[in-house]
Every structure is written in structure tokens, then in C-alpha cells.
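Report on the structure given below.
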Amino acid sequence: MIEIIDVYKSFGENRVLRGVNLRVERGQSVVVIGGSGSGKSVLLKHIIGLLMPEAGSVIIDGTDITKLDRKHLYEIRKKFGMLFQGAALFDSMRVWENVSFALLRSGMRPKEAKEIAIENLRRVGLTGIEDMMPADLSGGMRKRVGLARAIAHKPEVLLYDEPTTGIDPILADAINDLIIKMREELNVTSVAITHDMHSAYKIADRIAMLYEGRIVQEGTPEEIQNTENPIVRQFITGSARGPIRINGVTA
Amino acid sequence: MFRLLALLGDIIIRFTEETGRILILLGSVLKEMLSPPFEVGNTVKQMYEIGVKSIPVVLITAIFTGMVLALQTFTGFKRFGAESMVGSVVALSMTREMGPVLTGLIVAGRAGAAMAAELGTMRVTEQIDALETLAANPVKYLIVPRFSSSIVILPSLTVLADIIGILGGYLITVGLFGTSSVVYWRRTWDYLYLEDIYNGLIKACLFGAALALISCYKGFYTKGGAEGVGRATTGAVVVSFMTILISDYFLTAWLFE
């Protein structure tokens with residue numbers, strides 16, 4: 001279970017998170033929505049300890065990870081798998097070495113690790129590419145490989161950073177299906193951030209909207225769809241007119 | 001006037017901040033370097049990248065440096081009849097100064113730039129974050145192998161540069177000016193002490209440590225996309241060059257006093 005309690009984070013003058021509270025129960029699928037630059041990625045990176053808050057706590061299964069040393073933080077991180085926006089594949093390694101990176105690091109023999117990589121690649125719908133280099137893959141394939149890498153060490157929680165951004169609508173929907181499949185097959189908790197509402201409705205049990213550094217509303221996809229909150233309404237309908245201000249842009 | 005002071009203050013603050021951050025990084029690099037498991041495979045790979053691939057450039061630079069040293073000293077020393085001393089001048093210059101410094105500059109320009117560019121790209125494409133999420137310490141996985149192989153590789157390349165430089169001097173003095181080969185070697189060995197060589201190698205070690213640390217630091221903390229990677233690479237080369245040349249003076253004053 002993940003609990004984010006009153007988290008504050010700024011970068012210089014820019015106060016990105018201003019008291020975020022969010023709770024994700026085991027097995028749930030939570031999607032955080034919000035505009036570009038609203039701090040969604042920053043929030044996601046706090047869950048896995050890539051960023052540390054200035055104030056507040058991030059509690060994973062009862063442990064406050066903001067107070068851990070590196071060694072214990074790495075232990076906690078083994079519970080997580082993360083799919084990055086650009087997939088973040090290691091471009092000096094072959095696809096299978098990417099997928100089985102964590103396994104190879106923990107001392108597994110290459111032959112065995114490669115077999116597991118092939119198995120994990122098959123899970124995300126890829127075959128016959130294990131010996132290719134990441135540079136030779138298309139964007140959609142890279143995301144799938146990234147997902148195969150994220151599930152390789154059998155995590156309990158999967159984090160998705162804008163899983164459908166930058167790929168065409170059909171591929172995006174295939175990724176959505178994969179996210180649902182991962183959840184059903186591997187029984188993982190998932191937290192995704194996105195501004196793609198179609199994707200959010202499809203993969204979420206609960207949706208939370210981040211605006212001006214706080215969660216302004218949280219609810220089931222139906223509740224969000226029928227919300228009275230003008231900020232959330234404006235966002236989900238994708239209108240340039242409304243209470244949401246964009247720096248330097250006048251509607 | 002006030003503006004000028006503010007600017008000066010700004011520069012000093014930035015310099016101190018950056019130096020502090022590099023030293024903190026050095027601390028964690030040393031800590032990770034000495035604690036197992038050791039990144040043997042990665043270190044060997046880096047030795048190949050930094051060392052073996054630099055050999056051709058080092059050889060060409062060294063032979064021409066030796067040749068030009070001989071050419072210059074021969075014509076200069078001839079004016080007061082001391083041509084026979086060319087061998088000593090070439091040997092001392094190469095081992096004490098030119099060997100380590102030129103090797104340092106070449107490796108900083110070649111491998112240091114590559115380190116900054118590679119780590120910088122890994123940073124902006126979130127590969128370093130990905131390492132973290134896979135519970136691999138990026139300092140241990142990326143920086144330690146580059147740092148430790150630089151420390152080993154720089155002195156090795158310097159030995160090579162020393163030898164080839166002295167041979168270059170021989171080529172010119174004996175081949176072009178017709179001095180006796182016995183005289184050249186005699187003069188080379190007569191005034192070359194062991195400490196000239198190993199003090200040069202100590203310098204090389206320190207240059208290796210400095211250029212690897214600076215280049216990795218610049219790459220590791222890259223911000224701002226492709227432009228940031230470009231800035232990091234330029235920064236790595238410029239700061240490494242300055243550090244090598246400035247520290248060279250102080251190291252020389254200290255080692256050879």
C-alpha cells in the first residue's frame with residue numbers, strides 16, 4: 001500500500017507540489033491526471049524515491065521511504081517496476097539484457113536470464129527481437145520492452161509515466177490493454193500518470209486530479225466524468241476556457 | 001561597480017558550489033569503489049574505451065612532440081655548441097612534463113568528452129533514473145568503472161608516450177642531424193633519474209582521476225535535453241583542461257622541488 005502524506009517539493013522558485021495527499025490500496029489502479037508541467041512526473045518519482053520531498057512522507061507498506069538510507073531504499077525499490085515515458089532503455093545493451101538487467105545484476109546466469117527475458121517479451125507481445133539493440137526499435141516496441149523490463153523482477157507495484165504519450169491512438173490502446181493485462185495476470189498495484197483521458201478511463205479504478213500542487217479531486221472514473229468541480233470539468237473536456245490558467249497563454 | 005561586485009560574487013559562489021558538489025561526488029565514488037561487489041566487467045570495458053582506443057592518438061602526438069622538441073633544442077643549443085645535450089632535454093621534457101600532460105589532455109578531449117556525453121544522454125533520457133528503479137546504484141555502475149580505469153590507464157599511456165617521444169627525438173637528432181646514436185642514448189640515460197619517470201606517472205594518475213571525475217560529474221548532472229548534453233560535454237573538456245594545466249604547475253612545484 002502506498003500513502004503520500006502532505007508532500008511538498010519545489011525546484012528553485014517553482015513550487016511544484018504543495019501538500020499532496022494520495023492513498024493507493026493494494027491491487028488498485030490509480031491514475032493521476034493533470035496538465036503538462038503540473039508535477040505529475042514529480043509526484044510519481046516521489047513514490048519510488050527518485051526524488052525526496054522537502055516536507056511530508058511517502059509510506060510504502062508501513063515504511064517511510066523518505067527516512068531510509070540508500071541500501072534500504074534499494075530494498076524497497078525491488079517492489080516496484082517503472083515504465084518511463086521514453087522507455088529509458090539502456091542503449092548500450094541488447095533488448096534481452098535490458099529486460100533481464102535486474103536479474104543479471106543479482107547474479108543470474110546469462111543463459112537463464114535470456115530465457116526469462118524472452119518469456120517476458122512474449123508477455124508484452126514481442127517475439128524475435130531479443131538480440132536487437134534498442135535504437136533499432138520503433139517507439140511502441142520500446143515502450144513494450146520497457147514494460148517487459150519493469151515486470152522482470154516480479155514487482156508488486158507498477159508505475160507508468162505517461163504510458164500512451166507520443167504513440168499513435170491504436171498503439172496507445174494496445175498499451176492500455178497491456179496495462180490491464182499486467183494487472184490481471186500479475187496481480188499488481190498500478191499507479192499511472194497521464195493527460196490522456198481515454199487511457200485514464202480505461203485503466204483506472206480511481207482517478208485523482210493534480211492541480212496547482214494539490215490533489216483537487218479524487219474518485220471513480222464515473223465520479224470524475226460527472227464532476228461538478230469546474231477545474232476537473234475543464235480538464236476532462238479539454239477546453240481552453242475555464243478556471244485553469246496556463247502561464248503566458250490567454251484563451 | 002555594484003553590478004561588477006555582484007557578478008564576481010556570483011562567480012565565486014558558483015565555483016565554490018560546483019567544487020563542493022564534485023568533492024561530494026568524489027566521496028561517494030571512493031566509498032563505492034572500495035565496497036564490493038566490484039564492477040569488473042564494466043571496468044575492463046572502460047579500460048578498453050579510454051585506454052586502448054586512445055593509443056593511436058597518443059602515439060602520434062608523442063612522436064611529433066619528441067621530434068619537435070629535438071628540432072627546437074638542436075637548433076637552439078647549436079648556437080652555443082651544446083647539441084650533444086638534446087637527448088637529455090627530450091628525455092626530461094617528455095617524462096616530467098609532456099608525457100603526462102599531453103596524455104591527460106588527449107584523454108580528456110577524447111574519453112572525457114565521451115563520458116560526459118554518454119552520461120548526459122543517459123540522464124536526459126531517464127536511463128539513470130531507470131538504473132535507480134532497478135536498484136542499481138548509478139554511481140557504482142557508471143562512474144566508478146570510468147574513474148578507476150582512468151587512474152590505471154593514464155600512467156600506462158604516459159609510459160607509452162614517454163618512450164615514443166624519446167624515440168621521436170632520436171629520429172630527428174640521429175636521423176636528420178647526424179649526431180651519433182651513442183651520444184643520444186648516453187645523454188638520455190645520464191641525466192634521467194627514476195624519480196623523473198615516476199613523478200610524471202603520479203601526475204598522470206592524478207590527471208586521470210581529475211578528468212574522469214569532472215567529466216562524469218558534468219554528464220551525471222546534465223539538465224535540459226540535447227542542448228544540456230552539449231553544454232555538459234563542452235564543460236567537461238574545458239574544466240578538465242584547465243584543471244590539468246593549473247594543477248600541473250602546482251604538482252610540479254610540489255613533486256620536483
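We name chains A, B, ... following the order of the C-alpha cells; residues begin at 1 in each chain, and ligands are numbered from 1 as shown.
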**OP:** Within 8 Å of Arg187 (chain B), counting only C-alpha atoms, which residues show up once you throw out same-chain ones fewer than 5 positions away? Write them as a ChimeraX atom specification, please.
**Re:** /B:84-88
With C-alpha atoms kept, could you save the residues just selected as a PDB file, in the first residue's frame?
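See part.pdb below for the written result:
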```
ATOM      1  CA  SER B  84      75.024  16.792 -27.612  1.00  0.00           C
ATOM      2  CA  MET B  85      72.552  17.627 -24.816  1.00  0.00           C
ATOM      3  CA  VAL B  86      69.463  17.173 -26.981  1.00  0.00           C
ATOM      4  CA  GLY B  87      68.904  13.629 -25.705  1.00  0.00           C
ATOM      5  CA  SER B  88      68.698  14.828 -22.092  1.00  0.00           C
TER       6      SER B  88
END
```
List as a tab-separated table every residue of chain B that is in contact with chain A, defined as an atom at most 10 Å from one of its atoms (using only C-alpha atoms), together with the nearest atom pair and the distance in Å rounded to one decimal, sorted by chain and then rising number.
```
residue	atom	partner	partner_atom	distance
B:Glu118	CA	A:Ser92	CA	9.9
B:Met122	CA	A:Phe90	CA	7.9
B:Arg123	CA	A:Ala88	CA	9.5
B:Val124	CA	A:Ala88	CA	9.3
B:Thr125	CA	A:Ala88	CA	5.8
B:Glu126	CA	A:Ala88	CA	5.4
B:Gln127	CA	A:Ala88	CA	4.8
B:Ile128	CA	A:Ala88	CA	8.4
B:Asp129	CA	A:Leu50	CA	6.9
B:Ala130	CA	A:Ala88	CA	6.4
B:Leu131	CA	A:Phe90	CA	8.8
B:Glu132	CA	A:Leu50	CA	7.3
B:Thr133	CA	A:Arg77	CA	6.2
B:Leu134	CA	A:Ala102	CA	5.9
B:Ala135	CA	A:Tyr74	CA	5.0
B:Ala136	CA	A:Tyr74	CA	7.8
B:Asn137	CA	A:Tyr74	CA	8.5
```
Original post:
Taking the backbone alone, and naming residues the way the document does, which bits of region 115-243 of chain A are strand (DSSP E or B) by DSSP, as a ChimeraX atom specification?
Top reply: /A:157-161,189-194,206-211,214-219
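If you look at CA of Leu171 (chain B) and CA of Ser54 (chain B), they are 23.1 Å away from each other.
CA of Gln28 (chain A) lies 16.4 Å from CA of Glu223 (chain A).
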**OP:** Name the residues of region 43-208 of chain A that come out as alpha helix (DSSP H) in a backbone DSSP run; write them as a ChimeraX atom specification.
**Re:** /A:43-47,70-77,95-99,101-105,110-123,139-151,169-186,197-203
Subject >> Non-local contacts of Gly230 (chain B) (12 Å; only C-alpha atoms; under 6 positions in same chain excluded) as an NGL selection string >> reply: :B and (113-114 or 116-121 or 124 or 218-219 or 222-224 or 236-237)
**OP:** Do a neighbour search on region 203-207 of chain A at 8 Å with only C-alpha atoms, toss out local chain neighbours closer than 4 positions, and write the hits as a list of chain:residue names.
**Re:** A:Gln28, A:Ser29, A:Val30, A:Val31, A:Val32, A:Ile33, A:Asn176, A:Ile179, A:Ile180, A:Ser199, A:Glu218, A:Gly219, A:Thr220, A:Pro221, A:Ile224
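Counting only C-alpha atoms, Thr194 (chain A) has the following residues at most 8 Å away, ignoring those fewer than 2 positions along the same chain: A:Val31, A:Val32, A:Ile33, A:Gly34, A:Lys40, A:Asp161, A:Glu162, A:Pro163, A:Thr164, A:Thr165, A:Ala192, A:Asp196, A:Met197, A:Ser199, A:Ala200.
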Restrict the selected residues to C-alpha atoms and save them as a PDB file, in the first residue's frame.
```
ATOM      1  CA  VAL A  31      -4.431   7.274 -12.445  1.00  0.00           C
ATOM      2  CA  VAL A  32      -3.241  10.776 -11.662  1.00  0.00           C
ATOM      3  CA  ILE A  33      -4.314  13.281 -14.281  1.00  0.00           C
ATOM      4  CA  GLY A  34      -3.160  16.850 -14.685  1.00  0.00           C
ATOM      5  CA  LYS A  40       2.602  14.548 -12.174  1.00  0.00           C
ATOM      6  CA  ASP A 161       4.880   7.659 -16.588  1.00  0.00           C
ATOM      7  CA  GLU A 162       2.599   8.818 -19.414  1.00  0.00           C
ATOM      8  CA  PRO A 163       2.276   5.338 -20.941  1.00  0.00           C
ATOM      9  CA  THR A 164       0.370   6.482 -24.024  1.00  0.00           C
ATOM     10  CA  THR A 165       2.109   9.776 -24.771  1.00  0.00           C
ATOM     11  CA  ALA A 192      -0.146   5.819 -13.802  1.00  0.00           C
ATOM     12  CA  ASP A 196      -4.844  11.136 -21.945  1.00  0.00           C
ATOM     13  CA  MET A 197      -8.418  10.890 -20.590  1.00  0.00           C
ATOM     14  CA  SER A 199      -6.493   5.992 -21.296  1.00  0.00           C
ATOM     15  CA  ALA A 200      -7.370   7.150 -17.781  1.00  0.00           C
TER      16      ALA A 200
END
```
**OP:** Extract, using only C-alpha atoms, all DNA, RNA and protein residues at most 8 Å from Thr66 (chain A), discarding same-chain residues fewer than 3 positions from it, and format them as a list of chain:residue names.
**Re:**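 Selected residues are A:Gly49, A:Met52, A:Pro53, A:Ser57, A:Val58.
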**OP:** Please measure the separation of CA of Thr227 (chain A) and CA of Ala240 (chain A), giving the value in Å to one decimal.
**Re:**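 CA of Ala240 (chain A) lies 17.8 Å from CA of Thr227 (chain A).
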Original post:
Using only C-alpha atoms, which of the listed residues (B:Tyr198, B:Thr73, B:Glu83, B:Met94) sits closest to Gly178 (chain B)?
Top reply: B:Glu83
